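So this one's protein_12.pdb, PDB, C-alpha atoms, pLDDT in the B column:
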```pdb
ATOM      1  CA  SER A   1    -160.276  32.955-130.728  1.00 67.00           C
ATOM      2  CA  GLN A   2    -163.291  32.253-132.900  1.00 66.00           C
ATOM      3  CA  LYS A   3    -163.216  28.895-134.595  1.00 85.00           C
ATOM      4  CA  ILE A   4    -165.454  27.030-137.035  1.00 92.00           C
ATOM      5  CA  GLU A   5    -164.996  23.337-137.678  1.00 93.00           C
ATOM      6  CA  GLN A   6    -166.344  21.234-140.486  1.00 95.00           C
ATOM      7  CA  ASN A   7    -165.438  17.620-141.079  1.00 87.00           C
ATOM      8  CA  SER A   8    -162.281  17.769-143.158  1.00 82.00           C
ATOM      9  CA  GLU A   9    -162.688  14.216-144.413  1.00 89.00           C
ATOM     10  CA  ALA A  10    -164.809  13.615-147.476  1.00 94.00           C
ATOM     11  CA  LEU A  11    -168.269  12.226-146.812  1.00 96.00           C
ATOM     12  CA  ASN A  12    -169.295   9.321-149.042  1.00 97.00           C
ATOM     13  CA  ILE A  13    -173.025   8.673-149.300  1.00 97.00           C
ATOM     14  CA  GLN A  14    -175.022   6.231-151.392  1.00 97.00           C
ATOM     15  CA  GLU A  15    -177.443   7.793-153.845  1.00 98.00           C
ATOM     16  CA  GLY A  16    -180.925   8.114-152.385  1.00 98.00           C
ATOM     17  CA  LYS A  17    -179.726   8.296-148.781  1.00 98.00           C
ATOM     18  CA  THR A  18    -179.676  11.372-146.565  1.00 98.00           C
ATOM     19  CA  ALA A  19    -176.377  13.216-146.294  1.00 97.00           C
ATOM     20  CA  THR A  20    -175.721  15.086-143.031  1.00 97.00           C
ATOM     21  CA  LEU A  21    -172.911  17.619-142.719  1.00 97.00           C
ATOM     22  CA  THR A  22    -171.808  19.236-139.479  1.00 97.00           C
ATOM     23  CA  CYS A  23    -170.636  22.732-138.634  1.00 96.00           C
ATOM     24  CA  ASN A  24    -169.377  23.364-135.088  1.00 96.00           C
ATOM     25  CA  TYR A  25    -168.227  26.678-133.690  1.00 94.00           C
ATOM     26  CA  THR A  26    -166.586  27.943-130.521  1.00 90.00           C
ATOM     27  CA  ASN A  27    -166.097  31.321-128.811  1.00 83.00           C
ATOM     28  CA  TYR A  28    -168.882  32.724-130.869  1.00 82.00           C
ATOM     29  CA  SER A  29    -172.482  33.904-130.714  1.00 84.00           C
ATOM     30  CA  PRO A  30    -173.561  34.414-134.318  1.00 87.00           C
ATOM     31  CA  ALA A  31    -176.891  35.929-135.228  1.00 87.00           C
ATOM     32  CA  TYR A  32    -176.917  34.169-138.602  1.00 91.00           C
ATOM     33  CA  LEU A  33    -175.480  31.034-140.122  1.00 93.00           C
ATOM     34  CA  GLN A  34    -175.202  30.428-143.852  1.00 96.00           C
ATOM     35  CA  TRP A  35    -174.497  27.389-145.998  1.00 98.00           C
ATOM     36  CA  TYR A  36    -172.905  27.539-149.441  1.00 98.00           C
ATOM     37  CA  ARG A  37    -172.086  25.019-152.117  1.00 98.00           C
ATOM     38  CA  GLN A  38    -168.809  25.126-154.043  1.00 98.00           C
ATOM     39  CA  ASP A  39    -168.048  23.129-157.167  1.00 97.00           C
ATOM     40  CA  PRO A  40    -164.434  22.625-158.358  1.00 95.00           C
ATOM     41  CA  GLY A  41    -163.058  25.736-160.047  1.00 94.00           C
ATOM     42  CA  ARG A  42    -166.125  27.813-159.161  1.00 96.00           C
ATOM     43  CA  GLY A  43    -167.077  30.340-156.536  1.00 97.00           C
ATOM     44  CA  PRO A  44    -169.332  29.405-153.605  1.00 98.00           C
ATOM     45  CA  VAL A  45    -173.078  29.616-154.205  1.00 98.00           C
ATOM     46  CA  PHE A  46    -175.521  30.474-151.425  1.00 97.00           C
ATOM     47  CA  LEU A  47    -177.952  27.751-150.349  1.00 98.00           C
ATOM     48  CA  LEU A  48    -179.621  28.559-147.015  1.00 97.00           C
ATOM     49  CA  LEU A  49    -179.511  31.075-144.179  1.00 95.00           C
ATOM     50  CA  ILE A  50    -180.802  30.421-140.676  1.00 95.00           C
ATOM     51  CA  ARG A  51    -181.199  32.915-137.836  1.00 93.00           C
ATOM     52  CA  GLU A  52    -180.236  32.298-134.202  1.00 90.00           C
ATOM     53  CA  ASN A  53    -183.890  32.209-133.148  1.00 91.00           C
ATOM     54  CA  GLU A  54    -184.788  29.617-135.790  1.00 93.00           C
ATOM     55  CA  LYS A  55    -184.376  25.938-135.056  1.00 88.00           C
ATOM     56  CA  GLU A  56    -184.799  24.661-138.592  1.00 96.00           C
ATOM     57  CA  LYS A  57    -184.997  25.900-142.184  1.00 96.00           C
ATOM     58  CA  ARG A  58    -185.997  23.935-145.272  1.00 97.00           C
ATOM     59  CA  LYS A  59    -185.676  24.402-149.005  1.00 96.00           C
ATOM     60  CA  GLU A  60    -186.744  21.553-151.257  1.00 97.00           C
ATOM     61  CA  ARG A  61    -184.452  18.604-150.342  1.00 98.00           C
ATOM     62  CA  LEU A  62    -182.280  20.723-148.078  1.00 98.00           C
ATOM     63  CA  LYS A  63    -182.689  21.216-144.339  1.00 98.00           C
ATOM     64  CA  VAL A  64    -180.553  23.206-141.912  1.00 98.00           C
ATOM     65  CA  THR A  65    -180.733  23.143-138.132  1.00 97.00           C
ATOM     66  CA  PHE A  66    -179.134  25.586-135.727  1.00 95.00           C
ATOM     67  CA  ASP A  67    -178.524  24.678-132.084  1.00 93.00           C
ATOM     68  CA  THR A  68    -177.061  27.675-130.257  1.00 90.00           C
ATOM     69  CA  THR A  69    -176.687  25.646-127.049  1.00 92.00           C
ATOM     70  CA  LEU A  70    -174.569  22.973-128.720  1.00 93.00           C
ATOM     71  CA  LYS A  71    -172.998  25.620-131.005  1.00 93.00           C
ATOM     72  CA  GLN A  72    -173.707  23.421-133.957  1.00 95.00           C
ATOM     73  CA  SER A  73    -175.478  23.477-137.302  1.00 96.00           C
ATOM     74  CA  LEU A  74    -176.444  20.393-139.274  1.00 97.00           C
ATOM     75  CA  PHE A  75    -177.020  20.466-143.017  1.00 98.00           C
ATOM     76  CA  HIS A  76    -179.117  17.659-144.487  1.00 98.00           C
ATOM     77  CA  ILE A  77    -179.666  16.651-148.097  1.00 98.00           C
ATOM     78  CA  THR A  78    -182.441  14.104-148.450  1.00 98.00           C
ATOM     79  CA  ALA A  79    -182.800  11.726-151.407  1.00 98.00           C
ATOM     80  CA  SER A  80    -179.234  12.584-152.379  1.00 98.00           C
ATOM     81  CA  GLN A  81    -178.172  12.529-156.027  1.00 97.00           C
ATOM     82  CA  PRO A  82    -174.742  12.372-157.712  1.00 97.00           C
ATOM     83  CA  ALA A  83    -175.334  15.999-158.787  1.00 98.00           C
ATOM     84  CA  ASP A  84    -175.245  16.958-155.091  1.00 98.00           C
ATOM     85  CA  SER A  85    -171.543  16.051-154.998  1.00 98.00           C
ATOM     86  CA  ALA A  86    -169.648  19.222-154.099  1.00 98.00           C
ATOM     87  CA  THR A  87    -167.931  20.937-151.203  1.00 97.00           C
ATOM     88  CA  TYR A  88    -170.280  22.533-148.688  1.00 98.00           C
ATOM     89  CA  LEU A  89    -169.187  25.545-146.664  1.00 98.00           C
ATOM     90  CA  CYS A  90    -170.717  27.023-143.546  1.00 97.00           C
ATOM     91  CA  ALA A  91    -170.237  30.621-142.517  1.00 95.00           C
ATOM     92  CA  LEU A  92    -171.227  32.697-139.485  1.00 93.00           C
ATOM     93  CA  ASP A  93    -171.317  36.447-139.001  1.00 87.00           C
ATOM     94  CA  ASP A  94    -168.996  37.951-136.432  1.00 82.00           C
ATOM     95  CA  SER A  95    -169.472  41.058-134.335  1.00 73.00           C
ATOM     96  CA  ASN A  96    -168.235  43.242-137.210  1.00 77.00           C
ATOM     97  CA  TYR A  97    -170.819  41.818-139.630  1.00 76.00           C
ATOM     98  CA  GLN A  98    -168.133  39.899-141.504  1.00 86.00           C
ATOM     99  CA  LEU A  99    -168.480  36.216-142.309  1.00 91.00           C
ATOM    100  CA  ILE A 100    -166.165  33.653-140.741  1.00 92.00           C
ATOM    101  CA  TRP A 101    -165.871  30.505-142.826  1.00 95.00           C
ATOM    102  CA  GLY A 102    -165.345  26.841-142.189  1.00 95.00           C
ATOM    103  CA  ALA A 103    -162.929  24.947-144.451  1.00 95.00           C
ATOM    104  CA  GLY A 104    -165.772  22.961-145.995  1.00 96.00           C
ATOM    105  CA  THR A 105    -166.740  19.311-146.277  1.00 97.00           C
ATOM    106  CA  LYS A 106    -166.473  17.456-149.566  1.00 97.00           C
ATOM    107  CA  LEU A 107    -169.580  15.388-150.235  1.00 98.00           C
ATOM    108  CA  ILE A 108    -169.468  12.496-152.700  1.00 98.00           C
ATOM    109  CA  ILE A 109    -172.720  10.841-153.712  1.00 98.00           C
ATOM    110  CA  LYS A 110    -172.144   7.421-155.247  1.00 96.00           C
ATOM    111  CA  PRO A 111    -174.632   6.017-157.798  1.00 93.00           C
TER     112      PRO A 111
ATOM    113  CA  ASN B   1    -177.431  39.454-165.107  1.00 65.00           C
ATOM    114  CA  ALA B   2    -173.681  38.955-165.051  1.00 77.00           C
ATOM    115  CA  GLY B   3    -173.495  39.084-161.224  1.00 96.00           C
ATOM    116  CA  VAL B   4    -169.861  39.345-160.097  1.00 98.00           C
ATOM    117  CA  THR B   5    -167.189  39.294-162.785  1.00 97.00           C
ATOM    118  CA  GLN B   6    -163.545  38.669-161.971  1.00 97.00           C
ATOM    119  CA  THR B   7    -160.544  38.927-164.253  1.00 97.00           C
ATOM    120  CA  PRO B   8    -158.139  37.362-164.953  1.00 97.00           C
ATOM    121  CA  LYS B   9    -159.101  33.769-164.240  1.00 97.00           C
ATOM    122  CA  PHE B  10    -155.489  32.612-164.128  1.00 97.00           C
ATOM    123  CA  GLN B  11    -152.255  34.519-163.581  1.00 97.00           C
ATOM    124  CA  VAL B  12    -148.624  33.579-163.009  1.00 98.00           C
ATOM    125  CA  LEU B  13    -146.306  36.160-161.476  1.00 97.00           C
ATOM    126  CA  LYS B  14    -142.691  36.283-160.478  1.00 98.00           C
ATOM    127  CA  THR B  15    -141.757  37.308-156.963  1.00 98.00           C
ATOM    128  CA  GLY B  16    -141.718  41.092-156.681  1.00 97.00           C
ATOM    129  CA  GLN B  17    -144.067  41.773-159.575  1.00 97.00           C
ATOM    130  CA  SER B  18    -147.257  43.716-159.050  1.00 96.00           C
ATOM    131  CA  MET B  19    -150.678  43.174-160.533  1.00 97.00           C
ATOM    132  CA  THR B  20    -154.345  44.032-160.143  1.00 98.00           C
ATOM    133  CA  LEU B  21    -157.233  41.606-159.911  1.00 98.00           C
ATOM    134  CA  GLN B  22    -160.371  43.185-161.285  1.00 98.00           C
ATOM    135  CA  CYS B  23    -163.851  42.769-159.830  1.00 98.00           C
ATOM    136  CA  ALA B  24    -167.100  44.250-161.075  1.00 98.00           C
ATOM    137  CA  GLN B  25    -170.708  43.683-160.018  1.00 98.00           C
ATOM    138  CA  ASP B  26    -173.901  44.805-161.710  1.00 96.00           C
ATOM    139  CA  MET B  27    -176.342  44.256-158.832  1.00 95.00           C
ATOM    140  CA  ASN B  28    -175.910  47.687-157.226  1.00 95.00           C
ATOM    141  CA  HIS B  29    -174.595  46.036-154.062  1.00 95.00           C
ATOM    142  CA  GLU B  30    -173.206  48.334-151.389  1.00 94.00           C
ATOM    143  CA  TYR B  31    -170.852  45.777-149.890  1.00 95.00           C
ATOM    144  CA  MET B  32    -167.939  44.198-151.764  1.00 97.00           C
ATOM    145  CA  SER B  33    -165.128  42.022-150.486  1.00 97.00           C
ATOM    146  CA  TRP B  34    -162.061  40.035-151.438  1.00 98.00           C
ATOM    147  CA  TYR B  35    -161.265  36.595-150.016  1.00 98.00           C
ATOM    148  CA  ARG B  36    -158.455  34.177-150.522  1.00 98.00           C
ATOM    149  CA  GLN B  37    -158.978  30.427-150.400  1.00 97.00           C
ATOM    150  CA  ASP B  38    -156.158  28.053-149.533  1.00 96.00           C
ATOM    151  CA  PRO B  39    -156.299  24.253-149.244  1.00 91.00           C
ATOM    152  CA  GLY B  40    -157.651  23.051-145.904  1.00 88.00           C
ATOM    153  CA  MET B  41    -158.584  26.542-144.770  1.00 90.00           C
ATOM    154  CA  GLY B  42    -161.751  28.542-144.775  1.00 90.00           C
ATOM    155  CA  LEU B  43    -162.145  31.608-146.918  1.00 96.00           C
ATOM    156  CA  ARG B  44    -160.169  34.455-145.372  1.00 96.00           C
ATOM    157  CA  LEU B  45    -161.209  38.059-145.760  1.00 96.00           C
ATOM    158  CA  ILE B  46    -158.545  40.359-147.228  1.00 97.00           C
ATOM    159  CA  HIS B  47    -160.325  43.704-147.606  1.00 97.00           C
ATOM    160  CA  TYR B  48    -163.890  44.869-147.833  1.00 96.00           C
ATOM    161  CA  SER B  49    -165.891  47.952-148.710  1.00 96.00           C
ATOM    162  CA  VAL B  50    -169.309  49.076-147.501  1.00 94.00           C
ATOM    163  CA  GLY B  51    -169.708  51.685-150.224  1.00 94.00           C
ATOM    164  CA  ALA B  52    -167.912  53.876-152.726  1.00 95.00           C
ATOM    165  CA  GLY B  53    -164.954  55.638-151.132  1.00 95.00           C
ATOM    166  CA  ILE B  54    -164.974  53.377-148.042  1.00 96.00           C
ATOM    167  CA  THR B  55    -162.618  50.439-147.561  1.00 97.00           C
ATOM    168  CA  ASP B  56    -161.416  48.495-144.549  1.00 96.00           C
ATOM    169  CA  GLN B  57    -159.045  45.672-143.709  1.00 96.00           C
ATOM    170  CA  GLY B  58    -160.062  42.109-143.127  1.00 94.00           C
ATOM    171  CA  GLU B  59    -158.215  39.241-141.504  1.00 93.00           C
ATOM    172  CA  VAL B  60    -155.243  39.068-143.914  1.00 96.00           C
ATOM    173  CA  PRO B  61    -154.684  42.503-145.520  1.00 97.00           C
ATOM    174  CA  ASN B  62    -150.882  42.624-145.639  1.00 97.00           C
ATOM    175  CA  GLY B  63    -149.463  42.874-149.152  1.00 96.00           C
ATOM    176  CA  TYR B  64    -152.758  43.933-150.703  1.00 98.00           C
ATOM    177  CA  ASN B  65    -154.398  47.262-151.500  1.00 97.00           C
ATOM    178  CA  VAL B  66    -157.926  48.074-152.575  1.00 98.00           C
ATOM    179  CA  SER B  67    -159.915  51.083-153.676  1.00 97.00           C
ATOM    180  CA  ARG B  68    -163.612  51.691-154.329  1.00 97.00           C
ATOM    181  CA  SER B  69    -164.131  54.644-156.623  1.00 97.00           C
ATOM    182  CA  THR B  70    -167.480  53.400-157.941  1.00 97.00           C
ATOM    183  CA  THR B  71    -170.247  51.153-156.611  1.00 96.00           C
ATOM    184  CA  GLU B  72    -169.556  48.617-159.353  1.00 97.00           C
ATOM    185  CA  ASP B  73    -165.780  48.100-159.167  1.00 98.00           C
ATOM    186  CA  PHE B  74    -163.481  46.845-156.425  1.00 98.00           C
ATOM    187  CA  PRO B  75    -159.968  46.034-157.691  1.00 98.00           C
ATOM    188  CA  LEU B  76    -157.414  44.205-155.559  1.00 98.00           C
ATOM    189  CA  ARG B  77    -153.774  45.186-156.008  1.00 98.00           C
ATOM    190  CA  LEU B  78    -150.811  43.040-155.123  1.00 97.00           C
ATOM    191  CA  LEU B  79    -147.979  45.457-154.504  1.00 92.00           C
ATOM    192  CA  SER B  80    -144.975  43.109-154.590  1.00 97.00           C
ATOM    193  CA  ALA B  81    -145.997  39.508-155.095  1.00 97.00           C
ATOM    194  CA  ALA B  82    -144.632  36.819-152.784  1.00 97.00           C
ATOM    195  CA  PRO B  83    -144.952  33.012-153.043  1.00 97.00           C
ATOM    196  CA  SER B  84    -147.174  33.111-149.922  1.00 97.00           C
ATOM    197  CA  GLN B  85    -149.752  34.950-152.030  1.00 98.00           C
ATOM    198  CA  THR B  86    -150.222  31.929-154.268  1.00 98.00           C
ATOM    199  CA  SER B  87    -153.906  31.232-153.798  1.00 98.00           C
ATOM    200  CA  VAL B  88    -157.354  31.393-155.322  1.00 98.00           C
ATOM    201  CA  TYR B  89    -158.941  34.799-154.899  1.00 98.00           C
ATOM    202  CA  PHE B  90    -162.657  35.433-154.791  1.00 98.00           C
ATOM    203  CA  CYS B  91    -164.528  38.690-155.038  1.00 98.00           C
ATOM    204  CA  ALA B  92    -167.974  38.725-153.442  1.00 98.00           C
ATOM    205  CA  SER B  93    -170.725  41.262-152.971  1.00 97.00           C
ATOM    206  CA  ARG B  94    -173.951  41.615-151.022  1.00 95.00           C
ATOM    207  CA  GLN B  95    -176.696  44.184-150.648  1.00 91.00           C
ATOM    208  CA  GLY B  96    -175.749  45.464-147.211  1.00 81.00           C
ATOM    209  CA  SER B  97    -173.357  44.887-144.342  1.00 76.00           C
ATOM    210  CA  SER B  98    -175.667  42.767-142.209  1.00 80.00           C
ATOM    211  CA  GLY B  99    -174.914  39.105-141.697  1.00 75.00           C
ATOM    212  CA  ALA B 100    -178.438  38.454-142.919  1.00 82.00           C
ATOM    213  CA  ASN B 101    -177.401  39.443-146.410  1.00 87.00           C
ATOM    214  CA  VAL B 102    -175.965  36.645-148.525  1.00 93.00           C
ATOM    215  CA  LEU B 103    -172.893  36.867-150.693  1.00 96.00           C
ATOM    216  CA  THR B 104    -172.697  36.502-154.451  1.00 97.00           C
ATOM    217  CA  PHE B 105    -169.273  35.301-155.538  1.00 98.00           C
ATOM    218  CA  GLY B 106    -167.262  35.662-158.676  1.00 98.00           C
ATOM    219  CA  ALA B 107    -165.765  32.628-160.403  1.00 97.00           C
ATOM    220  CA  GLY B 108    -162.353  33.166-158.812  1.00 97.00           C
ATOM    221  CA  SER B 109    -158.846  34.086-159.915  1.00 98.00           C
ATOM    222  CA  ARG B 110    -156.078  31.538-159.496  1.00 97.00           C
ATOM    223  CA  LEU B 111    -152.768  33.237-158.827  1.00 98.00           C
ATOM    224  CA  THR B 112    -149.389  31.512-158.793  1.00 98.00           C
ATOM    225  CA  VAL B 113    -146.311  33.400-157.597  1.00 98.00           C
ATOM    226  CA  LEU B 114    -142.993  31.841-158.535  1.00 97.00           C
TER     227      LEU B 114
END
```
Conversion result in structure tokens:
Amino acid sequence: SQKIEQNSEALNIQEGKTATLTCNYTNYSPAYLQWYRQDPGRGPVFLLLIRENEKEKRKERLKVTFDTTLKQSLFHITASQPADSATYLCALDDSNYQLIWGAGTKLIIKP
Amino acid sequence: NAGVTQTPKFQVLKTGQSMTLQCAQDMNHEYMSWYRQDPGMGLRLIHYSVGAGITDQGEVPNGYNVSRSTTEDFPLRLLSAAPSQTSVYFCASRQGSSGANVLTFGAGSRLTVL
């Protein structure tokens, strides 16, 4: 069956450092991969989308990579700030155009 | 723009009661969906709609009904609430059905079934 894995343990990063989050998938060949941010008590908010034929996508301090051979996406936040603390979700489209979601990784940026 | 509006934000039900979670969007999106979010699990799709009058089941549809009479509204009905339906529910919409379209989420509805 299709499976998406994100690190279930919280990631603690010192302010100013680069945070790297991982999204691995199996039994899957998605055309698109999306990353969302979710704050406590709120709905997820879209951050970045990357296509299968793109290696990398950037938006301000955010960078996403997509390796279809490794079946892995990495999400980077450079010059991290306490305001970046949140849970980050990855999602991939399945053959029925629905999104399959990872459980998310909680990121904590310490001042 | 209000985006996606969900009501109520919190609800407590007794086992066997029924209720409707409301969802409305003002972005003229064709696609609307309902997810549930449980601790340690990814968002799971309950039902979705690709346009007015069209609905389909997602991964976990049992115990839930939906309808789509207008483009704007997509209510989720719990027919006979069970403790297993205790969860946070999110309504989300996007322009089209393609995976290239991104979702806009509501703020969520936290449901507790006793």
I'd like to see the residues matched by the PyMOL selection byres ((chain A) within 10 of (chain B)) on this file, and ideally I'd get them as a compact mmCIF listing (two decimals) with C-alpha atoms, in the coordinates of the input.
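Just written: selection28.txt:
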```txt
# COMPACT_ATOMS: atom_id res chain seq x y z
CA ILE A 4 -165.45 27.03 -137.04
CA GLU A 5 -165.00 23.34 -137.68
CA GLN A 6 -166.34 21.23 -140.49
CA SER A 8 -162.28 17.77 -143.16
CA PRO A 30 -173.56 34.41 -134.32
CA ALA A 31 -176.89 35.93 -135.23
CA TYR A 32 -176.92 34.17 -138.60
CA LEU A 33 -175.48 31.03 -140.12
CA GLN A 34 -175.20 30.43 -143.85
CA TRP A 35 -174.50 27.39 -146.00
CA TYR A 36 -172.90 27.54 -149.44
CA GLY A 41 -163.06 25.74 -160.05
CA ARG A 42 -166.12 27.81 -159.16
CA GLY A 43 -167.08 30.34 -156.54
CA PRO A 44 -169.33 29.40 -153.60
CA VAL A 45 -173.08 29.62 -154.21
CA PHE A 46 -175.52 30.47 -151.43
CA LEU A 47 -177.95 27.75 -150.35
CA LEU A 48 -179.62 28.56 -147.01
CA LEU A 49 -179.51 31.08 -144.18
CA ILE A 50 -180.80 30.42 -140.68
CA ARG A 51 -181.20 32.92 -137.84
CA LEU A 89 -169.19 25.54 -146.66
CA CYS A 90 -170.72 27.02 -143.55
CA ALA A 91 -170.24 30.62 -142.52
CA LEU A 92 -171.23 32.70 -139.49
CA ASP A 93 -171.32 36.45 -139.00
CA ASP A 94 -169.00 37.95 -136.43
CA SER A 95 -169.47 41.06 -134.34
CA ASN A 96 -168.24 43.24 -137.21
CA TYR A 97 -170.82 41.82 -139.63
CA GLN A 98 -168.13 39.90 -141.50
CA LEU A 99 -168.48 36.22 -142.31
CA ILE A 100 -166.16 33.65 -140.74
CA TRP A 101 -165.87 30.50 -142.83
CA GLY A 102 -165.34 26.84 -142.19
CA ALA A 103 -162.93 24.95 -144.45
CA GLY A 104 -165.77 22.96 -146.00
CA THR A 105 -166.74 19.31 -146.28
```
As lines of an AutoDock Vina configuration file: centre and edge lengths in Å, one decimal, of the axis-aligned box holding range 72-80 of chain B with 6 Å per side:
```
center_x = -157.3
center_y = 45.8
center_z = -156.9
size_x = 36.6
size_y = 17.6
size_z = 16.8
```
Q: Measure the distance from CA of Pro111 in chain A to CA of Glu15 in chain A in Å and round it to one decimal.
A: 5.2 Å
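Put simply, the PyMOL selection byres ((chain B and resi 114) around 8) on this file hits Val12, Leu13, Lys14, Thr15, Ala82, Pro83, Thr112 and Val113 of chain B.
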Q: To one decimal in Å, tell me the separation between CA of Asp73 in chain B and CA of Gln25 in chain B.
A: 6.7 Å
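Put simply, the PyMOL selection byres ((chain A and resi 71) around 9) on this file hits Cys23, Asn24, Tyr25, Thr26, Tyr28, Ser29, Phe66, Asp67, Thr68, Thr69, Leu70, Gln72 and Ser73 of chain A.
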(Q) Using Å and a single decimal, report how far CA of Lys3 in chain A sits from CA of Leu111 in chain B. (A)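 The value is 26.7 Å.
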Q) From the list B:Ser49, B:Thr55, B:Ser69, B:Thr7, which residue is nearest Glu30 in chain B when using all atoms listed in the file? A)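 Result for the nearest residue to Glu30 in chain B: B:Ser49.
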Q. Got a sec: who's within 6 Å of Ala81 in chain B, counting only C-alpha atoms, leaving out chain neighbours fewer than 4 positions off, as JSON, numbers by chain?
A. {"B": [15, 16, 17, 18]}
Q: In the coordinates of the file, take the point (-160.4, 53.2, -147.0) and a cut-off of 9 Å; then, counting all atoms listed in the file, name each qualifying protein, DNA or RNA residue as a list in words.
A: Ser49, Gly53, Ile54, Thr55, Asp56, Gln57, Val66, Ser67 and Arg68 of chain B
